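*Asks:* If it helps, the file is called input.txt and holds compact mmCIF, C-alpha atoms (C1' of nucleotides):
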```
# COMPACT_ATOMS: atom_id res chain seq x y z
CA MET A 44 0.00 0.00 0.00
CA SER A 45 1.51 3.27 -1.12
CA PHE A 46 0.84 6.64 0.43
CA PHE A 47 -0.84 7.73 -2.76
CA ALA A 48 -3.17 4.72 -2.78
CA LYS A 49 -4.25 5.34 0.79
CA LYS A 50 -5.20 8.92 -0.02
CA VAL A 51 -7.15 7.77 -3.06
CA TYR A 52 -9.17 5.27 -1.05
CA ARG A 53 -9.73 7.75 1.76
CA VAL A 54 -11.08 10.33 -0.69
CA VAL A 55 -13.33 7.84 -2.52
CA LEU A 56 -14.68 6.59 0.81
CA GLY A 57 -15.88 10.13 1.44
CA ILE A 58 -18.13 10.33 -1.62
CA PRO A 59 -21.79 10.36 -0.46
CA MET A 60 -24.30 7.83 -1.77
CA GLY A 61 -26.12 9.03 -4.87
CA GLU A 62 -23.32 11.38 -5.86
CA VAL A 63 -20.43 10.95 -8.29
CA ARG A 64 -16.96 12.42 -8.77
CA THR A 65 -14.47 12.31 -11.62
CA TYR A 66 -11.05 10.65 -11.69
CA LYS A 67 -9.59 14.11 -12.11
CA TRP A 68 -11.40 15.39 -9.04
CA VAL A 69 -9.99 12.55 -6.95
CA ALA A 70 -6.54 13.13 -8.37
CA LYS A 71 -6.65 16.77 -7.36
CA LYS A 72 -7.69 15.84 -3.82
CA THR A 73 -4.60 13.67 -3.53
CA GLY A 74 -2.39 16.55 -4.57
CA ARG A 75 -1.68 15.20 -8.04
CA PRO A 76 -4.12 17.05 -10.37
CA LYS A 77 -2.73 15.35 -13.45
CA ALA A 78 -2.68 11.83 -12.04
CA SER A 79 -6.22 10.90 -13.07
CA ARG A 80 -4.88 7.88 -14.90
CA ALA A 81 -2.90 6.77 -11.88
CA VAL A 82 -6.08 7.07 -9.79
CA ALA A 83 -7.81 4.68 -12.17
CA ASN A 84 -4.95 2.24 -11.70
CA ILE A 85 -5.35 2.33 -7.95
CA LEU A 86 -9.10 1.81 -8.08
CA LYS A 87 -8.66 -1.12 -10.44
CA LYS A 88 -6.47 -2.80 -7.84
CA ASN A 89 -8.66 -1.81 -4.91
CA PRO A 90 -8.65 -4.58 -2.26
CA LEU A 91 -12.24 -3.96 -1.07
CA PRO A 92 -14.50 -3.84 -4.16
CA LEU A 93 -17.70 -3.85 -2.14
CA ILE A 94 -16.61 -1.49 0.61
CA ILE A 95 -14.85 1.20 -1.37
CA PRO A 96 -17.47 2.98 -3.57
CA CYS A 97 -15.22 3.07 -6.60
CA HIS A 98 -18.37 2.96 -8.76
CA ARG A 99 -19.01 6.60 -7.80
CA VAL A 100 -15.90 7.64 -9.69
CA ILE A 101 -16.70 8.31 -13.35
CA ARG A 102 -15.18 9.97 -16.41
CA LYS A 103 -14.98 13.70 -16.88
CA ASP A 104 -17.31 13.48 -19.92
CA GLY A 105 -20.05 11.89 -17.80
CA SER A 106 -19.72 8.33 -19.08
CA ALA A 107 -19.38 5.54 -16.54
CA GLY A 108 -15.77 4.67 -17.24
CA GLY A 109 -14.50 1.22 -16.43
CA TYR A 110 -15.60 -1.20 -13.75
CA LEU A 111 -14.58 -4.56 -12.41
CA TRP A 112 -18.00 -6.08 -13.09
CA GLY A 113 -18.82 -4.12 -16.25
CA LYS A 114 -19.78 -0.51 -16.91
CA LYS A 115 -23.44 -1.32 -17.46
CA PHE A 116 -23.71 -2.75 -13.97
CA LYS A 117 -21.92 0.37 -12.75
CA LYS A 118 -24.55 2.62 -14.33
CA ARG A 119 -27.44 0.63 -12.86
CA LEU A 120 -25.86 0.73 -9.42
CA LEU A 121 -25.46 4.50 -9.66
CA GLU A 122 -29.11 5.00 -10.62
CA LEU A 123 -30.18 2.75 -7.77
CA GLU A 124 -28.13 4.71 -5.28
CA LYS A 125 -29.48 7.98 -6.61
CA THR A 126 -33.14 6.99 -6.25
CA LEU A 127 -32.54 5.39 -2.88
CA SER A 128 -30.71 8.40 -1.47
CA GLU A 129 -33.56 10.64 -2.65
CA GLN A 130 -36.09 8.50 -0.80
CA ILE A 131 -34.03 8.17 2.36
CA PHE A 132 -32.88 11.80 2.61
C1' DA B 234 17.14 3.57 -13.97
C1' DT B 235 14.08 1.76 -17.92
C1' DC B 236 9.79 -0.20 -19.89
C1' DA B 237 4.99 -1.50 -20.40
C1' DT B 238 0.36 -1.04 -18.64
C1' DG B 239 -4.21 1.25 -18.13
C1' DA B 240 -11.39 1.94 -15.02
C1' DC B 241 -8.00 9.01 -17.83
C1' DT B 242 -8.30 13.61 -20.52
C1' DA B 243 -8.62 16.43 -24.60
C1' DA B 244 -8.76 16.90 -29.35
C1' DT B 245 -9.72 15.11 -33.82
C1' DG B 246 -11.90 12.37 -37.44
C1' DC C 137 -20.62 4.74 -30.93
C1' DC C 138 -15.48 3.83 -32.47
C1' DA C 139 -10.27 4.79 -33.38
C1' DT C 140 -6.12 7.56 -33.15
C1' DT C 141 -2.69 10.94 -31.03
C1' DA C 142 -0.42 12.94 -27.41
C1' DG C 143 0.12 13.93 -22.56
C1' DC C 144 -0.08 12.25 -18.13
C1' DC C 145 1.45 9.21 -13.79
C1' DA C 146 1.54 5.36 -10.06
C1' DT C 147 2.73 0.66 -10.25
C1' DG C 148 5.15 -3.60 -11.07
C1' DA C 149 8.52 -6.26 -13.47
```
Is it possible to express this structure as structure tokens?
*Replies:*
Amino acid sequence: MSFFAKKVYRVVLGIPMGEVRTYKWVAKKTGRPKASRAVANILKKNPLPLIIPCHRVIRKDGSAGGYLWGKKFKKRLLELEKTLSEQIF
DNA sequence: ATCATGACTAATG
DNA sequence: CCATTAGCCATGA
């Protein structure tokens, strides 16, 4: 576990349910504004797929981006979280 | 140190 | 939607 990776996970863990952030946004929070690609690398290797909400990190252009279990599942999960968070809060 | 990889970004076609 | 080009950077071999 590198220092950079820990910061990435910590930042991603802080993304609220029903909301999304971009790889670039996460990169900037880690202090490396141009390391969006490196952020993607870290998330791909993330040790806790179900705990770390890496599905809330999407592309700058709005598309889902990649996902361990497929981008289409990623989109559905995001919509589910959005509707659920609206009902709960 | 060097090299390849990739869940990126931006621009272009 | 797809493909290419160039820039970018942590990671692992």
*Asks:* Using all atoms listed in the file, pick whichever of A:Leu120, A:Leu127, A:Leu56, A:Met44 has the shortest atom-to-atom distance to chain C.
*Replies:*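 For chain C, the nearest of the candidates is A:Met44.
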*Asks:* Could you give me, as CSV, every chain A residue with an atom at most 6 Å from chain B, plus its closest atom pair and distance in Å to one decimal, counting all atoms listed in the file, rows ordered by chain then number?
*Replies:*
```
residue,atom,partner,partner_atom,distance
A:Ser79,CA,B:DC241,C1',5.4
A:Arg80,CA,B:DC241,C1',4.4
A:Ala83,CA,B:DA240,C1',5.3
A:Gly108,CA,B:DA240,C1',5.6
A:Gly109,CA,B:DA240,C1',3.5
A:Tyr110,CA,B:DA240,C1',5.4
```
*Asks:* With the cut-off set at 9 Å and counting all atoms listed in the file, tabulate each residue of chain C with an atom at most that distance from an atom of chain A, showing the nearest atom pair and its distance in Å to one decimal, ordered by chain and increasing number, as CSV.
*Replies:*
```
residue,atom,partner,partner_atom,distance
C:DC144,C1',A:Lys77,CA,6.2
C:DC145,C1',A:Ala78,CA,5.2
C:DA146,C1',A:Ala81,CA,5.0
C:DT147,C1',A:Asn84,CA,8.0
```
*Asks:* So what do you get for CA of Gly57 (chain A) versus CA of Lys87 (chain A), distance-wise?
*Replies:*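 Computing the Euclidean distance for CA of Gly57 (chain A) and CA of Lys87 (chain A) yields 17.9 Å.
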*Asks:* Determine, counting all atoms listed in the file, which protein, DNA and RNA residues have an atom within 9 Å of an atom of region 90-96 of chain A; residues of the same chain fewer than 4 positions away are not included. Present the result as a list in words.
*Replies:*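 Residues meeting the cut-off are Tyr52, Arg53, Val55, Leu56, Gly57, Ile58, Met60, Leu86, Val100 and Leu111 of chain A.
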*Asks:* What gap, in Å, lies between CA of Arg64 (chain A) and CA of Arg102 (chain A)?
*Replies:*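 Between CA of Arg64 (chain A) and CA of Arg102 (chain A) the gap works out to 8.2 Å.
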*Asks:* One decimal, Å: what's the distance from CA of Lys118 (chain A) over to C1' of DC137 (chain C), could you say?
*Replies:*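 Separating CA of Lys118 (chain A) from C1' of DC137 (chain C) is a distance of 17.2 Å.
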*Asks:* Counting all atoms listed in the file, which residues have an atom no more than 7 Å from (-21.5, 6.7, -4.6) in the file's coordinates? Please list them as a ChimeraX atom specification.
*Replies:* /A:58-63,96,98-99,121,124
*Asks:* Given 4 Å on each side, where is the centre and what are the edge lengths in Å to one decimal of the axis-aligned box enclosing the listed atoms of region 140-145 of chain C, as JSON?
*Replies:*
```
{"center_x": -2.3, "center_y": 10.7, "center_z": -23.5, "size_x": 15.6, "size_y": 14.4, "size_z": 27.4}
```
